[in-house]
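Structure below is input24.txt: compact mmCIF, C-alpha atoms.
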```txt
# COMPACT_ATOMS: atom_id res chain seq x y z
CA MET A 606 -21.41 6.00 1.90
CA LYS A 607 -19.00 4.21 -0.43
CA VAL A 608 -15.38 4.84 0.57
CA LEU A 609 -12.34 3.89 -1.50
CA LEU A 610 -8.96 3.69 0.29
CA VAL A 611 -5.88 3.74 -1.93
CA LEU A 612 -2.42 2.82 -0.65
CA THR A 613 0.64 0.94 -1.85
CA TYR A 614 0.72 -1.73 0.88
CA TYR A 615 -2.10 -3.19 2.95
CA HIS A 616 -2.63 -6.14 5.29
CA PRO A 617 -0.92 -8.61 5.68
CA HIS A 618 2.01 -6.24 5.19
CA VAL A 619 2.82 -4.73 8.59
CA SER A 620 3.87 -1.12 9.12
CA GLY A 621 2.53 1.84 11.03
CA LEU A 622 0.77 3.03 7.87
CA THR A 623 -0.89 -0.31 7.11
CA ILE A 624 -2.02 -0.77 10.72
CA TYR A 625 -3.58 2.72 10.63
CA ALA A 626 -5.30 2.07 7.28
CA LYS A 627 -6.65 -1.33 8.30
CA ARG A 628 -8.08 0.02 11.55
CA LEU A 629 -9.72 2.91 9.71
CA ALA A 630 -11.13 0.76 6.90
CA THR A 631 -12.46 -1.92 9.25
CA THR A 632 -14.09 0.56 11.62
CA LEU A 633 -15.74 2.51 8.80
CA ALA A 634 -17.14 -0.79 7.51
CA GLN A 635 -18.44 -1.61 10.97
CA ARG A 636 -20.15 1.80 11.05
CA GLY A 637 -22.19 0.82 8.00
CA HIS A 638 -20.12 2.17 5.10
CA ARG A 639 -19.14 0.18 2.02
CA VAL A 640 -15.33 0.23 2.10
CA THR A 641 -12.97 -0.88 -0.66
CA VAL A 642 -9.18 -0.91 -0.51
CA LEU A 643 -7.15 -0.61 -3.72
CA THR A 644 -3.57 -1.71 -3.13
CA SER A 645 -0.67 -3.61 -4.66
CA ARG A 646 -0.37 -7.36 -4.95
CA TYR A 647 3.16 -7.02 -3.61
CA ASN A 648 3.26 -10.77 -2.97
CA SER A 649 1.98 -12.92 -5.84
CA ALA A 650 0.78 -15.51 -3.33
CA LEU A 651 -1.88 -13.08 -2.10
CA PRO A 652 -5.35 -13.28 -3.70
CA ALA A 653 -6.27 -10.64 -6.25
CA GLU A 654 -9.49 -9.95 -4.31
CA GLU A 655 -10.76 -10.88 -0.87
CA GLU A 656 -12.92 -9.70 2.01
CA ILE A 657 -11.02 -8.85 5.22
CA GLU A 658 -13.23 -8.00 8.21
CA GLY A 659 -15.94 -6.50 6.06
CA VAL A 660 -13.56 -4.62 3.76
CA HIS A 661 -13.30 -5.50 0.05
CA VAL A 662 -9.59 -5.61 -0.84
CA ILE A 663 -8.50 -5.42 -4.48
CA ARG A 664 -4.82 -6.00 -5.25
CA VAL A 665 -3.21 -4.78 -8.45
CA PRO A 666 -0.55 -7.00 -10.10
CA VAL A 667 3.02 -5.74 -9.69
CA LEU A 668 5.27 -5.81 -12.76
CA PHE A 669 8.47 -4.88 -10.91
CA ARG A 670 9.77 -2.88 -7.94
CA VAL A 671 11.62 0.42 -7.74
CA SER A 672 13.23 0.69 -4.31
CA LYS A 673 10.30 0.37 -1.87
CA GLY A 674 7.79 1.31 -4.57
CA VAL A 675 6.00 -0.90 -7.08
CA ILE A 676 5.13 -0.48 -10.76
CA MET A 677 1.56 -1.53 -11.60
CA PRO A 678 0.66 -1.01 -15.30
CA THR A 679 -3.03 -1.84 -14.82
CA PHE A 680 -3.43 0.46 -11.81
CA PRO A 681 -4.86 3.47 -13.76
CA PHE A 682 -7.67 1.37 -15.29
CA LEU A 683 -8.70 -0.25 -12.00
CA ALA A 684 -8.46 3.06 -10.18
CA TRP A 685 -10.67 4.82 -12.72
CA GLN A 686 -13.33 2.10 -12.52
CA LEU A 687 -13.39 2.14 -8.72
CA ILE A 688 -13.24 5.90 -8.24
CA ARG A 689 -16.38 6.35 -10.37
CA LYS A 690 -18.24 3.80 -8.22
CA HIS A 691 -17.38 5.39 -4.87
CA ASP A 692 -18.47 8.57 -3.11
CA VAL A 693 -15.11 9.62 -1.70
CA VAL A 694 -11.46 8.58 -2.16
CA SER A 695 -9.04 8.33 0.77
CA VAL A 696 -5.42 8.28 -0.43
CA HIS A 697 -2.64 7.37 2.00
CA LEU A 698 0.74 9.01 1.38
CA PRO A 699 3.57 8.83 0.57
CA GLN A 700 2.54 7.07 -2.63
CA PHE A 701 3.87 7.16 -6.20
CA GLU A 702 0.36 6.97 -7.73
CA ALA A 703 -1.04 9.86 -5.65
CA SER A 704 -1.13 12.45 -8.45
CA LEU A 705 -2.88 10.03 -10.80
CA VAL A 706 -5.54 9.24 -8.19
CA GLY A 707 -6.01 12.95 -7.53
CA LEU A 708 -6.46 13.65 -11.25
CA LEU A 709 -8.88 10.75 -11.72
CA GLY A 710 -10.87 11.97 -8.74
CA ARG A 711 -11.19 15.41 -10.32
CA LEU A 712 -12.22 13.94 -13.68
CA ALA A 713 -14.84 11.75 -11.98
CA GLY A 714 -16.09 14.60 -9.81
CA LYS A 715 -15.32 12.67 -6.60
CA PRO A 716 -13.70 14.30 -3.55
CA VAL A 717 -10.20 13.14 -2.68
CA VAL A 718 -8.81 13.21 0.87
CA LEU A 719 -5.10 12.69 1.45
CA THR A 720 -3.76 11.23 4.69
CA TYR A 721 -0.09 12.06 5.05
CA HIS A 722 1.63 9.55 7.31
CA CYS A 723 5.25 10.66 7.09
CA ASP A 724 7.95 12.06 4.86
CA LEU A 725 9.62 9.52 2.58
CA GLN A 726 13.33 9.04 3.21
CA LEU A 727 14.98 6.21 1.34
CA PRO A 728 18.50 4.86 1.95
CA ARG A 729 21.43 6.86 0.60
CA GLY A 730 22.30 6.77 -3.07
CA TRP A 731 21.63 8.84 -6.16
CA PHE A 732 18.95 6.49 -7.47
CA ASN A 733 16.95 6.64 -4.24
CA ARG A 734 17.24 10.42 -4.26
CA VAL A 735 15.65 10.42 -7.72
CA VAL A 736 12.87 8.09 -6.52
CA ASP A 737 12.33 10.29 -3.46
CA GLY A 738 12.02 13.36 -5.68
CA VAL A 739 9.58 11.70 -8.09
CA VAL A 740 7.32 10.54 -5.25
CA PHE A 741 7.41 13.99 -3.64
CA VAL A 742 6.36 15.66 -6.91
CA SER A 743 3.52 13.17 -7.30
CA ASN A 744 2.35 13.83 -3.75
CA TYR A 745 2.68 17.58 -4.31
CA VAL A 746 0.46 17.46 -7.40
CA ALA A 747 -2.04 15.38 -5.44
CA GLY A 748 -2.01 18.02 -2.72
CA HIS A 749 -3.22 20.61 -5.22
CA LEU A 750 -5.88 18.31 -6.65
CA ALA A 751 -7.25 17.00 -3.33
CA GLN A 752 -10.00 18.69 -1.33
CA ALA A 753 -8.45 17.98 2.08
CA ALA A 754 -5.34 16.55 3.72
CA VAL A 755 -5.34 14.76 7.07
CA ALA A 756 -2.43 15.09 9.52
CA TYR A 757 -1.90 13.37 12.85
CA THR A 758 -0.94 16.64 14.58
CA GLN A 759 -0.73 20.33 13.76
CA ASP A 760 2.88 20.22 14.93
CA TYR A 761 3.87 17.76 12.22
CA ALA A 762 1.79 19.52 9.56
CA GLN A 763 3.55 22.82 10.16
CA HIS A 764 7.02 21.27 9.91
CA SER A 765 6.47 18.73 7.13
CA ARG A 766 8.00 19.71 3.80
CA PHE A 767 4.81 18.42 2.17
CA LEU A 768 1.95 19.37 4.51
CA SER A 769 3.34 22.83 5.25
CA ARG A 770 2.53 23.73 1.63
CA PHE A 771 -1.16 22.86 2.10
CA LEU A 772 -2.00 24.10 5.59
CA ASP A 773 -5.24 25.63 4.28
CA LYS A 774 -6.44 22.09 3.49
CA VAL A 775 -5.14 20.33 6.57
CA GLN A 776 -7.50 18.56 8.94
CA VAL A 777 -5.96 17.28 12.19
CA ILE A 778 -7.35 13.88 13.17
CA PRO A 779 -5.65 11.93 15.97
CA PRO A 780 -4.50 8.50 14.82
CA PRO A 781 -6.49 5.36 15.69
CA VAL A 782 -5.23 3.55 18.77
CA VAL A 783 -6.41 0.16 19.99
CA MET A 784 -4.95 -1.34 23.16
CA PRO A 785 -6.80 -3.67 25.56
CA LEU A 786 -6.20 -3.49 29.28
CA PRO A 787 -3.21 -5.65 30.22
CA ASP A 788 -4.10 -8.88 31.99
CA PRO A 789 -2.14 -9.00 35.29
CA ALA A 790 -1.50 -12.72 34.94
CA ALA A 791 -0.16 -12.27 31.41
CA VAL A 792 2.09 -9.42 32.55
CA GLN A 793 3.50 -11.51 35.38
CA SER A 794 4.06 -14.44 33.06
CA PHE A 795 5.85 -12.14 30.59
CA ARG A 796 8.11 -10.79 33.35
CA VAL A 797 9.00 -14.28 34.50
CA GLN A 798 9.65 -15.49 30.95
CA HIS A 799 12.05 -12.63 30.25
CA GLN A 800 13.69 -12.59 33.69
CA LEU A 801 12.58 -9.11 34.72
CA ALA A 802 12.25 -9.76 38.46
CA ASP A 803 13.76 -6.88 40.49
CA ARG A 804 15.21 -5.20 37.44
CA PRO A 805 14.13 -2.14 35.42
CA ALA A 806 13.06 -2.74 31.82
CA VAL A 807 13.30 -0.34 28.89
CA GLY A 808 11.06 -1.19 25.97
CA MET A 809 11.41 -0.31 22.32
CA ALA A 810 8.74 -1.33 19.81
CA ALA A 811 9.33 -0.92 16.09
CA THR A 812 8.10 -2.72 13.00
CA ARG A 813 11.75 -3.32 12.08
CA LEU A 814 15.35 -2.56 13.03
CA ALA A 815 16.03 0.49 10.86
CA ALA A 816 18.51 3.36 10.99
CA GLU A 817 15.84 6.05 11.37
CA LYS A 818 14.39 4.38 14.47
CA GLY A 819 17.37 5.52 16.56
CA VAL A 820 18.31 2.13 17.99
CA GLU A 821 21.94 3.21 17.88
CA VAL A 822 21.15 6.09 20.25
CA LEU A 823 19.80 3.65 22.82
CA VAL A 824 22.83 1.36 22.41
CA GLU A 825 25.15 4.32 23.03
CA ALA A 826 23.14 5.27 26.12
CA MET A 827 23.62 1.85 27.70
CA PRO A 828 27.01 2.44 29.41
CA ARG A 829 25.59 5.39 31.35
CA LEU A 830 22.42 3.49 32.21
CA LEU A 831 24.26 0.39 33.38
CA SER A 832 26.64 2.43 35.51
CA VAL A 833 23.63 3.56 37.56
CA LEU A 834 21.26 0.61 37.06
CA PRO A 835 23.51 -2.43 36.53
CA ARG A 836 20.56 -4.83 36.19
CA LEU A 837 18.69 -2.80 33.56
CA LYS A 838 17.46 -4.69 30.50
CA VAL A 839 16.28 -3.53 27.07
CA LEU A 840 13.49 -5.43 25.33
CA PHE A 841 13.24 -4.79 21.57
CA ALA A 842 9.97 -5.86 19.96
CA GLY A 843 9.99 -6.04 16.17
CA GLN A 844 11.82 -7.58 13.22
CA TYR A 845 15.57 -7.28 13.66
CA GLU A 846 17.03 -9.79 11.22
CA ASN A 847 16.93 -9.77 7.41
CA VAL A 848 15.38 -6.31 7.17
CA VAL A 849 15.58 -5.25 3.52
CA GLY A 850 17.65 -2.10 3.08
CA GLU A 851 18.89 -2.06 6.68
CA GLU A 852 21.83 -4.46 6.42
CA ASP A 853 24.35 -1.76 7.29
CA ILE A 854 22.79 -0.76 10.60
CA TYR A 855 22.46 -4.44 11.54
CA ARG A 856 26.15 -5.10 10.87
CA ARG A 857 27.24 -2.03 12.84
CA LEU A 858 25.01 -2.57 15.87
CA MET A 859 24.99 -6.30 16.44
CA PRO A 860 28.58 -6.62 17.71
CA ARG A 861 27.90 -3.90 20.29
CA ILE A 862 24.58 -5.44 21.31
CA ARG A 863 26.18 -8.87 21.68
CA GLN A 864 28.77 -7.31 23.98
CA LEU A 865 25.95 -6.17 26.24
CA GLY A 866 24.79 -9.77 26.49
CA SER A 867 21.30 -11.25 26.73
CA GLU A 868 21.17 -10.14 30.36
CA HIS A 869 20.94 -6.51 29.23
CA TRP A 870 19.43 -6.67 25.71
CA GLU A 871 16.88 -9.11 24.36
CA PHE A 872 15.33 -9.18 20.91
CA LEU A 873 11.76 -10.42 21.17
CA GLY A 874 11.02 -10.60 17.45
CA VAL A 875 7.62 -9.63 16.07
CA LEU A 876 4.95 -9.82 18.77
CA SER A 877 1.29 -10.43 18.04
CA GLN A 878 -1.33 -7.83 18.94
CA ALA A 879 -2.41 -10.10 21.78
CA GLN A 880 1.12 -10.04 23.24
CA MET A 881 1.61 -6.28 23.12
CA PRO A 882 -0.33 -5.28 26.28
CA ALA A 883 1.82 -7.55 28.47
CA PHE A 884 4.99 -6.27 26.78
CA PHE A 885 4.11 -2.62 27.36
CA ALA A 886 2.95 -3.15 30.93
CA ALA A 887 6.07 -5.14 31.83
CA CYS A 888 8.33 -2.23 30.82
CA ASP A 889 9.10 0.71 33.10
CA VAL A 890 9.44 3.05 30.13
CA LEU A 891 9.12 2.95 26.35
CA VAL A 892 11.62 4.82 24.19
CA VAL A 893 11.09 6.24 20.69
CA PRO A 894 14.51 7.76 19.85
CA SER A 895 13.68 8.43 16.20
CA LEU A 896 16.15 10.40 14.11
CA ASN A 897 14.10 11.94 11.29
CA SER A 898 10.67 12.82 9.94
CA THR A 899 9.96 9.33 8.58
CA GLU A 900 8.39 8.98 12.03
CA SER A 901 5.47 11.39 12.37
CA PHE A 902 3.90 10.34 15.66
CA GLY A 903 4.74 6.92 17.06
CA LEU A 904 1.48 5.09 17.77
CA VAL A 905 3.33 2.78 20.15
CA GLN A 906 3.70 5.68 22.57
CA VAL A 907 -0.04 5.95 23.10
CA GLU A 908 -0.39 2.17 23.19
CA ALA A 909 2.21 2.02 25.97
CA MET A 910 0.50 4.85 27.87
CA LEU A 911 -2.80 2.96 27.76
CA CYS A 912 -0.93 0.14 29.51
CA GLY A 913 0.38 2.50 32.20
CA THR A 914 3.87 2.91 30.74
CA PRO A 915 5.34 6.38 30.06
CA SER A 916 7.20 7.21 26.87
CA ILE A 917 10.39 9.07 26.02
CA ALA A 918 10.42 10.54 22.52
CA SER A 919 12.83 12.48 20.34
CA ASP A 920 12.19 16.18 19.94
CA LEU A 921 10.80 15.76 16.43
CA PRO A 922 7.59 17.31 15.06
CA GLY A 923 4.68 14.99 15.79
CA VAL A 924 6.80 12.41 17.64
CA ARG A 925 7.09 14.72 20.65
CA GLN A 926 3.35 15.26 20.90
CA PRO A 927 2.15 12.18 22.88
CA PRO A 928 4.35 12.97 25.93
CA ARG A 929 3.53 16.66 25.69
CA MET A 930 -0.21 16.16 25.25
CA THR A 931 -0.51 13.71 28.12
CA GLY A 932 2.36 14.64 30.44
CA MET A 933 3.12 10.92 30.52
CA GLY A 934 6.76 10.97 29.56
CA GLU A 935 9.62 13.16 28.37
CA VAL A 936 11.05 14.65 25.19
CA THR A 937 14.80 14.49 24.51
CA LEU A 938 17.24 15.92 22.01
CA VAL A 939 17.42 14.07 18.70
CA GLY A 940 20.36 11.66 18.49
CA ASP A 941 21.70 12.48 21.98
CA PRO A 942 22.54 9.31 23.98
CA GLU A 943 23.35 11.22 27.16
CA ALA A 944 20.03 13.08 27.12
CA LEU A 945 18.18 9.81 26.46
CA ALA A 946 19.98 8.05 29.33
CA GLU A 947 19.19 10.84 31.79
CA ALA A 948 15.53 10.90 30.76
CA ILE A 949 15.27 7.13 31.22
CA LEU A 950 16.82 7.41 34.68
CA ARG A 951 14.38 10.17 35.69
CA VAL A 952 11.34 8.17 34.60
CA ILE A 953 12.52 4.97 36.29
CA ARG A 954 13.41 6.78 39.52
CA HIS A 955 10.20 8.82 39.72
CA PRO A 956 7.41 6.78 38.08
CA ASP A 957 4.61 8.54 39.97
CA ASP A 958 5.51 11.84 38.27
CA TYR A 959 4.51 10.35 34.93
CA ALA A 960 1.46 8.30 35.92
CA ARG A 961 -1.86 9.29 34.32
CA PRO A 962 -5.33 7.66 34.41
CA ARG A 963 -6.08 5.53 31.35
CA ARG A 964 -9.34 7.39 30.74
CA LEU A 965 -7.44 10.64 30.12
CA ILE A 966 -5.44 8.99 27.35
CA GLU A 967 -8.57 7.41 25.88
CA GLU A 968 -10.34 10.77 25.74
CA THR A 969 -7.76 12.02 23.25
CA PHE A 970 -6.86 8.89 21.32
CA SER A 971 -9.38 6.26 20.32
CA LEU A 972 -10.30 4.30 17.21
CA GLU A 973 -13.92 5.43 17.35
CA ARG A 974 -12.94 9.08 17.58
CA THR A 975 -10.67 8.76 14.56
CA ALA A 976 -13.33 6.99 12.49
CA ALA A 977 -16.02 9.50 13.49
CA SER A 978 -13.75 12.40 12.49
CA TYR A 979 -13.06 10.87 9.08
CA GLU A 980 -16.75 10.16 8.68
CA ALA A 981 -17.62 13.80 9.40
CA LEU A 982 -15.01 15.01 6.92
CA PHE A 983 -16.15 12.60 4.18
CA GLU A 984 -19.81 13.47 4.66
CA SER A 985 -19.11 17.20 4.47
CA LEU A 986 -17.29 16.72 1.18
CA VAL A 987 -19.80 14.31 -0.35
CA GLY A 988 -22.66 16.55 0.68
CA GLY A 989 -21.12 19.49 -1.14
CA ARG A 990 -20.96 21.61 2.00
CA MET A 991 -17.21 22.05 1.82
CA GLU A 992 -15.33 23.78 -0.95
CA ALA A 993 -11.65 23.31 -1.56
CA ASN A 994 -9.49 25.52 0.70
CA GLN A 995 -12.34 25.91 3.23
CA PRO A 996 -11.67 23.12 5.74
CA VAL A 997 -14.13 22.05 8.37
CA LYS A 998 -12.65 21.47 11.80
CA VAL A 999 -12.65 17.89 12.97
CA GLY A 1000 -10.42 16.52 15.71
CA GLU A 1001 -8.08 18.80 17.61
```
Please lay out the structure from this file as C-alpha cells.
Amino acid sequence: MKVLLVLTYYHPHVSGLTIYAKRLATTLAQRGHRVTVLTSRYNSALPAEEEIEGVHVIRVPVLFRVSKGVIMPTFPFLAWQLIRKHDVVSVHLPQFEASLVGLLGRLAGKPVVLTYHCDLQLPRGWFNRVVDGVVFVSNYVAGHLAQAAVAYTQDYAQHSRFLSRFLDKVQVIPPPVVMPLPDPAAVQSFRVQHQLADRPAVGMAATRLAAEKGVEVLVEAMPRLLSVLPRLKVLFAGQYENVVGEEDIYRRLMPRIRQLGSEHWEFLGVLSQAQMPAFFAACDVLVVPSLNSTESFGLVQVEAMLCGTPSIASDLPGVRQPPRMTGMGEVTLVGDPEALAEAILRVIRHPDDYARPRRLIEETFSLERTAASYEALFESLVGGRMEANQPVKVGE
C-alpha cells in the first residue's frame, strides 16, 4: 500500500506531533508499505528530498511565515501529483493546507484520513486570532471531506471543538509509544550527575518552555513542597531558552526559578532519546500540569510509566487519560498549585500505591499496536469496504 503523510513540520523539527508522525511513517515502512511524507522545507538548509529510515520525505519551499504557519505557493501542485500516486492520504492536523488536501483527495478519488493532534492556540493578539480562525475553518472543511478522523482518546474527541463535530467519523487509536527499559547503571549515573542521592525528584519533560505547559503552576507549588520535603528537586527536560513566542513566560518565571536555586530546580536542556529512560527512572514522579487543549494526551506520561515512574496530569480531556487508564498516577485541577503540590506529596510518600507492571502499560500503548490500527483503517478504506460516516472500530 502506498501511504502519503501530509504535515507542516517533520523531522528534524521536534514536537509531539512530529515524533508521532515519524514513528508512524517509519513503522509503516518497516511493515512493507511505501511511505512518503509531504512537508515544508521550513529550514532552507534541509534537502528538498531525502530518505529517512525508509521513508521518502519531500519538502516544499517556504515563501514566508505567518505566525507558526508557512506559505508554500507550490504546495498544491506537488500535493496533487503525490495524492494521485498514492492509495491513501494521512493528514496531520492542525494544518493550514488541510482543506486543500481534502479536496484534492476527493478529486483524485483517494481516501483521506485526518489525525487530530490538538487544538491550535496561538499567543494573544488580534492577528493570531485571525490565523487561528483561518486554520480552524480549513480543518473544519477537511473534516467534511475526509473519510475518517483519528483521535488519541474518546475523551479528547468528545471535548475538542473540532473533533466533537465529526464524532461519526472518529477512530480512536492510542498514540505510538517507544521507551526502552532503563539501564540500572545509566540511572545511577544520572542520579549521581544531578545530585539526587537521598532526595526526591520531580520530573517535567516538554519540547519547550511554553505558557500552556503549566510550568508556572509547578513553580507556585514549590513553597508548599519544600516546606514538607526541603531537599526536593525539579528536573526540567526540554528547551527553555530562546523559545520563539514564549519570551514573556521566560521573563516572568526565571527570576522565581533562580530564587529556588540549582539545588531545587535544574534545567537539563533537550535530552536525546537515549537519555530519556534514565531521566524518567531517576524521577519519583513526572508532572504534566498543562493549562489548555493544545495538549491532547502527553506521550511523556506513558514513557515515564514504562520506566516505572507515575504521572500527575491536569484534569484536561485526553491529558487525564494515562493516569486514569493505568492507575499509575493522579489527576489534579487545572492551574491549581496547591492541588498539584498535594498530589506530588501523595505519590512520593506512597509510591507502592501507584506501581504497575510494565507489561500492563505495554498492552495498551505500543508502536506496533498503533501502526497495526492505522494499517487496518487504511486497508478498509482502500478496499472500498468503508463508506464515509460508517467507521470501523480499531483501537479502544
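With all atoms listed in the file as the basis for measurement, A:Asp889 is the residue among A:Asp941, A:Glu984, A:Asp889, A:Glu871 that approaches Ala806 in chain A most closely.
Using only C-alpha atoms, the set of residues no farther than 7 Å from the position (8.7, -0.4, 10.5) comprises Ser620, Gly621, Ala811, Thr812 and Arg813 of chain A.
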For CA of Leu950 in chain A and CA of Pro928 in chain A, quote the distance in Å rounded to one decimal. 16.2 Å
Give me the residues near Asn648 in chain A as a ChimeraX atom specification, where near means some atom within 12 Å (using only C-alpha atoms) and where sequence neighbours in that chain fewer than 5 positions away do not count. /A:614-618,653,664-670,675
Could you tell me how far CA of Val890 in chain A lies from CA of Gly808 in chain A, in Å and to one decimal? 6.2 Å
Near range 722-724 of chain A, counting all atoms listed in the file, which residues have an atom at most 10 Å away, once you skip same-chain residues fewer than 2 positions from it, shown as a PDB file with C-alpha atoms, keeping the file's coordinate frame?
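New file result.pdb:
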```
ATOM      1  CA  GLY A 621       2.530   1.840  11.030  1.00  0.00           C
ATOM      2  CA  LEU A 622       0.770   3.030   7.870  1.00  0.00           C
ATOM      3  CA  TYR A 625      -3.580   2.720  10.630  1.00  0.00           C
ATOM      4  CA  HIS A 697      -2.640   7.370   2.000  1.00  0.00           C
ATOM      5  CA  LEU A 698       0.740   9.010   1.380  1.00  0.00           C
ATOM      6  CA  PRO A 699       3.570   8.830   0.570  1.00  0.00           C
ATOM      7  CA  LEU A 719      -5.100  12.690   1.450  1.00  0.00           C
ATOM      8  CA  THR A 720      -3.760  11.230   4.690  1.00  0.00           C
ATOM      9  CA  GLN A 726      13.330   9.040   3.210  1.00  0.00           C
ATOM     10  CA  LEU A 727      14.980   6.210   1.340  1.00  0.00           C
ATOM     11  CA  ASP A 737      12.330  10.290  -3.460  1.00  0.00           C
ATOM     12  CA  PHE A 741       7.410  13.990  -3.640  1.00  0.00           C
ATOM     13  CA  VAL A 755      -5.340  14.760   7.070  1.00  0.00           C
ATOM     14  CA  ALA A 756      -2.430  15.090   9.520  1.00  0.00           C
ATOM     15  CA  TYR A 757      -1.900  13.370  12.850  1.00  0.00           C
ATOM     16  CA  TYR A 761       3.870  17.760  12.220  1.00  0.00           C
ATOM     17  CA  ALA A 762       1.790  19.520   9.560  1.00  0.00           C
ATOM     18  CA  SER A 765       6.470  18.730   7.130  1.00  0.00           C
ATOM     19  CA  ARG A 766       8.000  19.710   3.800  1.00  0.00           C
ATOM     20  CA  PHE A 767       4.810  18.420   2.170  1.00  0.00           C
ATOM     21  CA  LEU A 768       1.950  19.370   4.510  1.00  0.00           C
ATOM     22  CA  PRO A 780      -4.500   8.500  14.820  1.00  0.00           C
ATOM     23  CA  ASN A 897      14.100  11.940  11.290  1.00  0.00           C
ATOM     24  CA  SER A 898      10.670  12.820   9.940  1.00  0.00           C
ATOM     25  CA  THR A 899       9.960   9.330   8.580  1.00  0.00           C
ATOM     26  CA  GLU A 900       8.390   8.980  12.030  1.00  0.00           C
ATOM     27  CA  SER A 901       5.470  11.390  12.370  1.00  0.00           C
ATOM     28  CA  PHE A 902       3.900  10.340  15.660  1.00  0.00           C
ATOM     29  CA  GLY A 923       4.680  14.990  15.790  1.00  0.00           C
TER      30      GLY A 923
END
```
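CA of Leu982 in chain A to CA of Thr931 in chain A spans 25.7 Å [interatomic distance, one decimal].
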Which one of A:Gln752, A:Ser985, A:Ser877, A:Ser645 sits closest to Ala684 in chain A if you count all atoms listed in the file? A:Ser645
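Compared by their closest atoms to Thr758 in chain A, and using only C-alpha atoms, the residues A:Leu633, A:Val742, A:Val775, A:Leu610 rank with A:Val775 nearest.
Comparing the minimum interatomic distances between Asp773 in chain A and each of A:His749, A:Arg836, A:Arg929, A:His955, counting all atoms listed in the file, we find that A:His749 sits nearest.
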May I have the residues within 12 Å of Met930 in chain A as a PyMOL selection string, using all atoms listed in the file and disregarding those fewer than 3 positions away in the same chain? chain A and resi 758+760+779+902+906-907+910+916+923-927+933-936+961+965-966+968-970+1001
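Near Glu654 in chain A, within a cut-off of 8 Å and counting all atoms listed in the file, sit the residues His661, Val662, Ile663 and Arg664 of chain A, with same-chain residues fewer than 5 positions away left out.
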Counting all atoms listed in the file, the option among A:Ser978, A:Thr679, A:Thr631, A:Ser743 closest to Gln700 in chain A: A:Ser743
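With all atoms listed in the file as the atoms that count, the minimum distance from Pro789 in chain A to the choices A:Ala886, A:Ala816, A:Ala879, A:Leu801 is reached by A:Ala886.
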Near Val875 in chain A, counting all atoms listed in the file, which residues have an atom at most 12 Å away, once you skip same-chain residues fewer than 6 positions from it, shown as a list of chain:residue names? A:Val619, A:Ser620, A:Met809, A:Ala810, A:Ala811, A:Thr812, A:Arg813, A:Leu814, A:Leu840, A:Phe841, A:Ala842, A:Gly843, A:Gln844, A:Tyr845, A:Glu846, A:Met881, A:Phe884
Please identify every residue of range 886-920 of chain A that has at least one atom no farther than 8 Å from an atom of range 819-828 of chain A, counting all atoms listed in the file, and for each give the shortest atom pair and the distance in Å to one decimal, arranged by chain then increasing number, as CSV.
```
residue,atom,partner,partner_atom,distance
A:Val893,CA,A:Gly819,CA,7.6
A:Pro894,CA,A:Gly819,CA,4.9
A:Ser895,CA,A:Gly819,CA,4.7
A:Leu896,CA,A:Gly819,CA,5.6
```
